[in-house]
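Enquirer: Input run.txt, format and content: compact mmCIF, C-alpha atoms and all ligand atoms.
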```
# COMPACT_ATOMS: atom_id res chain seq x y z
CA MET T 1 28.26 22.80 4.56
CA LEU T 2 31.46 24.84 4.64
CA PRO T 3 33.23 25.81 7.86
CA HIS T 4 32.68 29.50 8.73
CA ALA T 5 30.27 30.07 5.84
CA ASP T 6 27.80 31.50 8.36
CA ASP T 7 30.30 33.87 10.01
CA ALA T 8 28.71 36.92 8.38
CA ILE T 9 25.36 36.17 10.06
CA SER T 10 26.75 34.95 13.41
CA ARG T 11 28.46 36.32 16.47
CA ASP T 12 30.85 34.02 18.35
CA GLY T 13 29.37 31.14 16.35
CA LYS T 14 25.81 31.88 17.44
CA SER T 15 22.92 33.45 15.55
CA LEU T 16 19.83 35.41 16.35
CA ILE T 17 18.06 35.75 13.05
CA LEU T 18 15.11 38.11 13.00
CA ALA T 19 12.64 36.61 10.52
CA TYR T 20 10.30 38.97 8.73
CA ASP T 21 8.75 37.12 5.81
CA HIS T 22 5.39 36.80 7.53
CA GLY T 23 3.64 39.34 5.30
CA LEU T 24 4.12 36.79 2.52
CA GLU T 25 3.88 33.53 4.48
CA HIS T 26 0.90 34.36 6.71
CA GLY T 27 -0.39 37.73 5.53
CA PRO T 28 -1.11 41.00 7.34
CA VAL T 29 -2.91 39.18 10.17
CA ASP T 30 0.51 38.59 11.79
CA PHE T 31 0.91 42.35 12.26
CA ASP T 32 -2.38 42.77 14.15
CA PRO T 33 -0.90 42.36 17.66
CA ASN T 34 1.55 45.23 17.04
CA PRO T 35 0.33 47.19 13.99
CA GLU T 36 3.44 49.34 13.68
CA THR T 37 5.33 46.19 12.62
CA SER T 38 3.54 46.17 9.26
CA ASP T 39 6.07 48.89 8.42
CA PRO T 40 9.31 47.15 7.36
CA GLU T 41 11.26 50.17 8.57
CA ARG T 42 10.32 49.24 12.15
CA LEU T 43 11.85 45.78 11.64
CA PHE T 44 15.01 47.15 10.08
CA GLU T 45 15.34 49.42 13.13
CA LEU T 46 14.83 46.39 15.42
CA ALA T 47 17.46 44.50 13.42
CA THR T 48 20.05 47.10 14.43
CA HIS T 49 19.74 45.79 18.03
CA ASP T 50 23.05 44.24 19.17
CA ALA T 51 21.34 40.89 19.69
CA VAL T 52 20.35 40.49 16.05
CA THR T 53 22.93 38.85 13.79
CA ALA T 54 20.82 38.94 10.59
CA LEU T 55 17.44 39.99 9.25
CA ALA T 56 15.64 37.50 6.99
CA VAL T 57 13.40 39.11 4.39
CA GLN T 58 12.10 38.59 0.90
CA LYS T 59 13.46 40.32 -2.19
CA GLY T 60 10.90 43.12 -2.43
CA ILE T 61 11.51 44.32 1.12
CA ALA T 62 15.28 44.08 0.67
CA GLU T 63 15.13 46.14 -2.53
CA ALA T 64 13.08 48.87 -0.88
CA TYR T 65 14.76 49.14 2.53
CA TYR T 66 18.16 47.47 2.66
CA PRO T 67 20.11 50.26 0.89
CA ASP T 68 19.54 52.44 3.97
CA TYR T 69 20.64 49.72 6.40
CA GLU T 70 23.46 47.86 4.68
CA ASP T 71 26.05 49.25 7.12
CA ASP T 72 24.06 48.27 10.21
CA VAL T 73 22.17 45.08 9.36
CA ASN T 74 23.30 41.70 7.98
CA LEU T 75 20.97 40.54 5.23
CA LEU T 76 19.67 36.98 4.97
CA LEU T 77 17.69 36.91 1.76
CA LYS T 78 14.98 34.29 1.35
CA LEU T 79 15.03 32.84 -2.15
CA ASN T 80 11.64 31.18 -1.96
CA GLY T 81 8.41 31.80 -0.11
CA THR T 82 4.68 31.35 -0.42
CA SER T 83 1.43 32.86 0.72
CA ASN T 84 -1.20 30.85 2.56
CA LEU T 85 -3.92 32.03 0.19
CA TRP T 86 -3.91 28.78 -1.77
CA MET T 87 -4.42 25.12 -0.82
CA GLY T 88 -2.54 21.99 -1.80
CA GLU T 89 0.61 20.09 -1.01
CA PRO T 90 3.17 22.37 0.69
CA ASP T 91 5.36 24.13 -1.85
CA SER T 92 7.31 27.37 -1.97
CA PRO T 93 8.09 28.98 -5.31
CA VAL T 94 11.55 30.34 -5.96
CA ASN T 95 11.28 34.09 -6.41
CA CYS T 96 14.92 35.17 -6.33
CA SER T 97 18.26 33.82 -7.54
CA ALA T 98 21.43 33.63 -5.48
CA GLU T 99 23.01 35.98 -8.01
CA TYR T 100 20.38 38.63 -7.43
CA ALA T 101 20.66 38.13 -3.66
CA ALA T 102 24.38 38.86 -3.98
CA ASP T 103 23.59 41.98 -6.05
CA LEU T 104 21.33 43.18 -3.23
CA GLY T 105 24.18 42.80 -0.75
CA ALA T 106 23.04 39.61 0.98
CA ASP T 107 25.38 37.96 3.48
CA ALA T 108 23.52 34.65 3.25
CA VAL T 109 20.52 33.12 1.52
CA GLY T 110 17.55 31.34 3.04
CA PHE T 111 15.54 28.55 1.47
CA THR T 112 12.49 26.66 2.71
CA LEU T 113 12.39 22.90 2.09
CA TYR T 114 9.19 21.00 2.84
CA GLY T 115 10.57 17.45 3.17
CA GLY T 116 7.74 14.93 2.93
CA SER T 117 5.65 17.09 0.65
CA ASN T 118 4.73 15.71 -2.74
CA CYS T 119 6.70 18.72 -4.00
CA GLU T 120 9.91 17.69 -2.21
CA VAL T 121 11.66 16.45 -5.35
CA GLU T 122 11.30 19.77 -7.17
CA MET T 123 12.11 21.75 -4.03
CA ALA T 124 15.34 19.79 -3.49
CA GLU T 125 16.35 20.46 -7.09
CA GLU T 126 15.67 24.14 -6.60
CA PHE T 127 17.69 24.09 -3.39
CA LYS T 128 20.65 22.76 -5.39
CA ALA T 129 20.61 25.87 -7.59
CA ALA T 130 20.26 28.15 -4.57
CA HIS T 131 23.05 26.41 -2.67
CA GLU T 132 25.53 26.30 -5.52
CA GLY T 133 24.72 29.88 -6.52
CA ALA T 134 25.35 31.00 -2.94
CA ARG T 135 28.71 29.23 -2.92
CA GLU T 136 29.74 31.11 -6.08
CA HIS T 137 29.15 34.37 -4.20
CA ASP T 138 30.60 33.31 -0.82
CA MET T 139 27.24 33.51 0.90
CA GLY T 140 26.11 31.24 3.71
CA VAL T 141 23.06 29.01 3.26
CA VAL T 142 20.27 28.71 5.81
CA MET T 143 17.66 26.01 5.27
CA TRP T 144 14.18 26.44 6.75
CA SER T 145 13.67 22.66 7.10
CA TYR T 146 9.99 22.13 7.74
CA PRO T 147 8.79 18.59 6.93
CA ARG T 148 5.07 18.67 6.19
CA GLY T 149 2.56 17.35 3.70
CA GLN T 150 1.24 13.91 2.83
CA GLY T 151 4.42 12.08 3.84
CA VAL T 152 4.54 13.52 7.36
CA LYS T 153 2.32 12.39 10.24
CA ASN T 154 3.71 14.59 13.04
CA ASP T 155 5.74 17.61 12.02
CA THR T 156 7.27 18.22 15.47
CA SER T 157 8.02 14.67 16.63
CA THR T 158 11.59 13.86 17.66
CA GLU T 159 12.04 11.68 14.59
CA THR T 160 10.70 14.31 12.19
CA ILE T 161 12.81 17.14 13.59
CA SER T 162 15.95 14.97 13.63
CA TYR T 163 15.28 14.10 9.99
CA ALA T 164 14.69 17.78 9.21
CA ALA T 165 18.05 18.66 10.77
CA ARG T 166 19.77 15.85 8.89
CA LEU T 167 18.37 17.10 5.56
CA GLY T 168 20.21 20.34 6.23
CA LEU T 169 23.55 18.53 6.58
CA GLU T 170 22.99 16.15 3.68
CA LEU T 171 21.99 18.89 1.24
CA GLY T 172 24.73 21.33 2.24
CA ALA T 173 23.14 23.95 4.51
CA ASP T 174 25.45 25.83 6.87
CA VAL T 175 22.57 26.48 9.25
CA VAL T 176 19.35 24.52 9.49
CA LYS T 177 16.29 26.00 11.08
CA VAL T 178 13.87 23.55 12.68
CA LYS T 179 10.73 23.75 14.76
CA TYR T 180 11.25 23.20 18.48
CA PRO T 181 10.54 19.48 19.01
CA GLY T 182 9.15 19.92 22.51
CA SER T 183 12.08 18.97 24.72
CA ALA T 184 15.78 19.58 25.18
CA GLU T 185 16.43 15.86 24.63
CA ALA T 186 14.71 15.89 21.25
CA MET T 187 16.55 19.06 20.27
CA GLY T 188 19.82 17.41 21.30
CA GLU T 189 19.07 14.53 18.97
CA ALA T 190 18.43 16.95 16.09
CA VAL T 191 21.73 18.71 16.80
CA ARG T 192 23.53 15.34 16.81
CA MET T 193 21.99 14.40 13.46
CA ALA T 194 22.98 17.74 11.92
CA GLY T 195 26.68 17.16 12.69
CA PRO T 196 28.68 20.24 11.65
CA THR T 197 25.61 22.02 10.29
CA LYS T 198 24.43 24.48 12.91
CA VAL T 199 20.90 24.11 14.22
CA VAL T 200 18.72 27.09 15.09
CA MET T 201 15.29 26.94 16.66
CA SER T 202 12.26 28.44 14.96
CA GLY T 203 10.37 30.89 17.16
CA GLY T 204 6.82 29.72 16.48
CA THR T 205 3.60 31.23 17.72
CA MET T 206 3.56 33.82 20.50
CA ARG T 207 3.89 32.54 24.04
CA ASP T 208 4.61 34.25 27.33
CA ASP T 209 8.10 35.53 28.13
CA GLU T 210 9.07 32.71 30.49
CA ALA T 211 7.80 29.88 28.29
CA PHE T 212 9.43 31.28 25.16
CA LEU T 213 12.79 32.01 26.80
CA ARG T 214 12.74 28.59 28.50
CA ASN T 215 12.41 26.90 25.07
CA VAL T 216 15.30 28.99 23.75
CA ALA T 217 17.50 28.25 26.80
CA ASP T 218 16.75 24.53 26.53
CA ALA T 219 17.58 24.55 22.83
CA ILE T 220 20.90 26.29 23.50
CA ASP T 221 21.67 23.81 26.31
CA ALA T 222 20.98 21.02 23.83
CA GLY T 223 23.56 22.39 21.39
CA ALA T 224 21.50 24.66 19.15
CA THR T 225 23.45 27.76 18.14
CA GLY T 226 20.58 30.21 18.36
CA LEU T 227 17.21 30.90 16.87
CA ALA T 228 15.41 32.44 13.95
CA VAL T 229 12.43 34.26 15.35
CA GLY T 230 9.66 36.48 14.08
CA ARG T 231 6.36 36.57 15.93
CA ASN T 232 7.82 36.10 19.40
CA VAL T 233 9.68 39.37 18.89
CA PHE T 234 7.60 41.64 16.70
CA GLN T 235 4.16 40.70 18.06
CA ARG T 236 5.17 41.83 21.55
CA ASP T 237 4.32 45.32 22.80
CA ASP T 238 8.01 45.90 23.54
CA PRO T 239 10.12 43.96 21.01
CA GLU T 240 13.36 45.58 22.22
CA ARG T 241 12.83 44.17 25.72
CA ILE T 242 12.60 40.57 24.50
CA LEU T 243 15.66 41.14 22.29
CA ASP T 244 17.56 42.31 25.40
CA ALA T 245 16.51 39.11 27.18
CA LEU T 246 17.30 36.92 24.15
CA GLU T 247 20.76 38.43 23.92
CA ALA T 248 21.45 37.31 27.49
CA VAL T 249 20.02 33.82 26.95
CA VAL T 250 21.64 33.11 23.57
CA PHE T 251 25.03 34.78 23.88
CA GLU T 252 25.64 34.79 27.65
CA GLU T 253 23.68 31.58 28.40
CA VAL T 254 21.88 33.32 31.25
CA GLU T 255 18.76 31.68 32.74
CA PRO T 256 15.42 33.12 31.52
CA ASP T 257 14.42 34.80 34.84
CA GLU T 258 17.79 36.51 35.13
CA ALA T 259 17.66 37.51 31.45
CA LEU T 260 14.28 39.17 32.01
CA ALA T 261 15.70 41.01 35.04
CA ILE T 262 18.57 42.24 32.86
CA ALA T 263 16.08 43.37 30.21
CA ASP T 264 14.05 45.28 32.82
CA ASP T 265 17.08 46.91 34.40
P1 LIG E 301 8.25 32.66 13.66
O1 LIG E 301 9.32 32.85 14.71
O2 LIG E 301 7.23 33.75 13.70
O3 LIG E 301 7.67 31.27 13.73
O4 LIG E 301 8.97 32.84 12.27
C1 LIG E 301 9.81 31.86 11.75
C2 LIG E 301 9.29 31.40 10.42
O5 LIG E 301 10.08 30.38 9.88
C3 LIG E 301 9.17 32.52 9.41
O6 LIG E 301 10.35 32.74 8.71
C4 LIG E 301 8.04 32.05 8.57
O7 LIG E 301 7.32 33.08 8.02
C5 LIG E 301 7.18 31.33 9.54
O8 LIG E 301 7.99 30.88 10.59
C6 LIG E 301 6.53 30.13 8.90
O9 LIG E 301 5.83 29.45 9.87
P2 LIG E 301 4.82 28.32 9.46
O10 LIG E 301 5.43 27.57 8.34
O11 LIG E 301 4.67 27.53 10.70
O12 LIG E 301 3.60 29.03 9.05
```
Write the structure described by the file as structure tokens, please.

Expert:
Amino acid sequence: MLPHADDAISRDGKSLILAYDHGLEHGPVDFDPNPETSDPERLFELATHDAVTALAVQKGIAEAYYPDYEDDVNLLLKLNGTSNLWMGEPDSPVNCSAEYAADLGADAVGFTLYGGSNCEVEMAEEFKAAHEGAREHDMGVVMWSYPRGQGVKNDTSTETISYAARLGLELGADVVKVKYPGSAEAMGEAVRMAGPTKVVMSGGTMRDDEAFLRNVADAIDAGATGLAVGRNVFQRDDPERILDALEAVVFEEVEPDEALAIADD
């Protein structure tokens, strides 16, 4: 990792990355709770919220929508991604080069690594190309570090998430995104293992306001520098409200109940 390489997708060293690659990763079913979010324009509008430090999308969505938002939104371009229409060991084909990401105006690139998958060797080699390409264009590198597959028994255990965080440091990510391991202590261990690589929490499936914000606050207390979140924002009836609350929790380190009061004010 390089010091400050994530500055373009951070604010005061912290990040709130709005993730919107779900149409590829999970399919249209993720838009059912709030159908207007199937329209990428709605997400680009949400990404102009002060709380959001970057929007993570795939190449096709960036090509179609980013030209209208390049002054107002920081772009984190995913370089690989997969649908869940097929079965087999976890893998994520590369669909974009770092060079093309730079051409599209990206501030940083994102790359999923499934450590523990039988495809890990190829994925790590592909990450090398993504990482070194990003460096040539002064872009930050965010690793979605999601151990899963035959080599992994429990993908959210303390040991697995610490290892996931460490992979980010060892392979050169500036920011590593990991699943929430279930407790502040476990998150603290992941942060310790990542060293200078910043750790952000993955949002995960939808939960109620208090439970979600409590996980985020605990992660921040444990040393995480923010989160990368999709469903827990765009599946809500009022995504702006939870972004207001997240802004207070992540950047002001306000307790969840107070953050919700601020959002409702
Ligand atoms: P969520 O906050 O909705 O979990 O989004 C974060 C993310 O990493 C997305 O970028 C990605 O599409 C999704 O989770 C993948 O989740 P999973 O691998 O668990 O299906």

Enquirer: Residues near segment 257-262 of chain T, anyone? I mean within 8 Å using all atoms listed in the file, not counting same-chain ones fewer than 2 positions away, as a PyMOL selection string.

Expert: chain T and resi 210+242+244-246+248-249+254-255+264-265

Enquirer: Using all atoms listed in the file, what table do you get, as JSON lines, when you list each residue of segment 91-200 of chain T with an atom no more than 9 Å from segment 44-56 of chain T, its nearest pair of atoms, and their distance in Å rounded to one decimal, rows by chain then rising number?

Expert:
```
{"residue": "T:Asp107", "atom": "CA", "partner": "T:Ala54", "partner_atom": "CA", "distance": 8.5}
{"residue": "T:Ala108", "atom": "CA", "partner": "T:Ala54", "partner_atom": "CA", "distance": 8.9}
{"residue": "T:Val109", "atom": "CA", "partner": "T:Ala56", "partner_atom": "CA", "distance": 8.5}
{"residue": "T:Gly110", "atom": "CA", "partner": "T:Ala56", "partner_atom": "CA", "distance": 7.6}
```

Enquirer: Within 10 Å of ligand LIG 301 (chain E), which residues show up when you count only C-alpha atoms and all ligand atoms? List them as a PyMOL selection string, please.

Expert: chain T and resi 17-27+30+56-58+78+81-84+90+110-112+114+143-148+177-179+201-206+227-235

Enquirer: One decimal, in Å: what's the spacing between atom CA of Arg11 of chain T and atom CA of Tyr69 of chain T?

Expert: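 It comes out at 18.5 Å.
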
Enquirer: Which residue, T:Lys128, T:Arg236, T:Lys59, T:Arg166, has the smallest gap to Leu75 of chain T when you use all atoms listed in the file?

Expert: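 When distances to Leu75 of chain T are compared using all atoms listed in the file, the smallest one comes from T:Lys59.
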
Enquirer: Output, as lines of an AutoDock Vina configuration file, the centre and edge lengths in Å (one decimal) of the axis-aligned box that contains all listed atoms of segment 139-158 of chain T with 4 Å of margin on each side.

Expert:
```
center_x = 14.2
center_y = 22.8
center_z = 9.3
size_x = 34.0
size_y = 29.4
size_z = 24.8
```

Enquirer: Kindly give the distance, in Å, that separates atom CA of Arg241 of chain T and atom CA of Asp6 of chain T, rounded to a single decimal.

Expert: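 Going from atom CA of Arg241 of chain T over to atom CA of Asp6 of chain T, I get 26.2 Å.
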
Enquirer: Quick one, how far is atom CA of Val94 of chain T from atom CA of Met123 of chain T?

Expert: 8.8 Å

Enquirer: Skip Glu170 of chain T itself and residues of its chain fewer than 3 positions away, then list as a PyMOL selection string all residues within 12 Å of it, counting all atoms listed in the file.

Expert: chain T and resi 1+124+127-128+143+145+163-167+173-176+193-197

Enquirer: Considering only C-alpha atoms, return as a ChimeraX atom specification whatever protein or nucleic-acid residues lie within 12 Å of Asp218 of chain T, sequence-local ones (same chain, fewer than 2 positions apart) excluded.

Expert: /T:180-188,200-201,210-216,220-227,249-250,253-256

Enquirer: Selected residues, C-alpha atoms, written as an mmCIF file, in the frame of the given file, please.

Expert:
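Saved as result07.cif:
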```
data_model
loop_
_atom_site.group_PDB
_atom_site.id
_atom_site.type_symbol
_atom_site.label_atom_id
_atom_site.label_comp_id
_atom_site.auth_asym_id
_atom_site.auth_seq_id
_atom_site.Cartn_x
_atom_site.Cartn_y
_atom_site.Cartn_z
ATOM 1 C CA TYR T 180 11.250 23.200 18.480
ATOM 2 C CA PRO T 181 10.540 19.480 19.010
ATOM 3 C CA GLY T 182 9.150 19.920 22.510
ATOM 4 C CA SER T 183 12.080 18.970 24.720
ATOM 5 C CA ALA T 184 15.780 19.580 25.180
ATOM 6 C CA GLU T 185 16.430 15.860 24.630
ATOM 7 C CA ALA T 186 14.710 15.890 21.250
ATOM 8 C CA MET T 187 16.550 19.060 20.270
ATOM 9 C CA GLY T 188 19.820 17.410 21.300
ATOM 10 C CA VAL T 200 18.720 27.090 15.090
ATOM 11 C CA MET T 201 15.290 26.940 16.660
ATOM 12 C CA GLU T 210 9.070 32.710 30.490
ATOM 13 C CA ALA T 211 7.800 29.880 28.290
ATOM 14 C CA PHE T 212 9.430 31.280 25.160
ATOM 15 C CA LEU T 213 12.790 32.010 26.800
ATOM 16 C CA ARG T 214 12.740 28.590 28.500
ATOM 17 C CA ASN T 215 12.410 26.900 25.070
ATOM 18 C CA VAL T 216 15.300 28.990 23.750
ATOM 19 C CA ILE T 220 20.900 26.290 23.500
ATOM 20 C CA ASP T 221 21.670 23.810 26.310
ATOM 21 C CA ALA T 222 20.980 21.020 23.830
ATOM 22 C CA GLY T 223 23.560 22.390 21.390
ATOM 23 C CA ALA T 224 21.500 24.660 19.150
ATOM 24 C CA THR T 225 23.450 27.760 18.140
ATOM 25 C CA GLY T 226 20.580 30.210 18.360
ATOM 26 C CA LEU T 227 17.210 30.900 16.870
ATOM 27 C CA VAL T 249 20.020 33.820 26.950
ATOM 28 C CA VAL T 250 21.640 33.110 23.570
ATOM 29 C CA GLU T 253 23.680 31.580 28.400
ATOM 30 C CA VAL T 254 21.880 33.320 31.250
ATOM 31 C CA GLU T 255 18.760 31.680 32.740
ATOM 32 C CA PRO T 256 15.420 33.120 31.520
#
```

Enquirer: Identify the residues around (31.8, 32.2, -0.3) within a radius of 10 Å, measuring from all atoms listed in the file in the coordinates stated by the file, and give them as a ChimeraX atom specification.

Expert: /T:2,4-6,107-108,133-141

Enquirer: Compare T:Gln150, T:Lys14, T:Glu126, T:Asn34 by their minimum atom-to-atom distance to Glu252 of chain T, counting only C-alpha atoms, and give me the closest one.

Expert: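 The closest residue to Glu252 of chain T is T:Lys14.
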
Enquirer: From the list T:Leu171, T:Cys96, T:Val29, T:Val191, which residue is nearest Thr158 of chain T when using all atoms listed in the file?

Expert: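 Answer, going by the shortest atom-to-atom distance: T:Val191.
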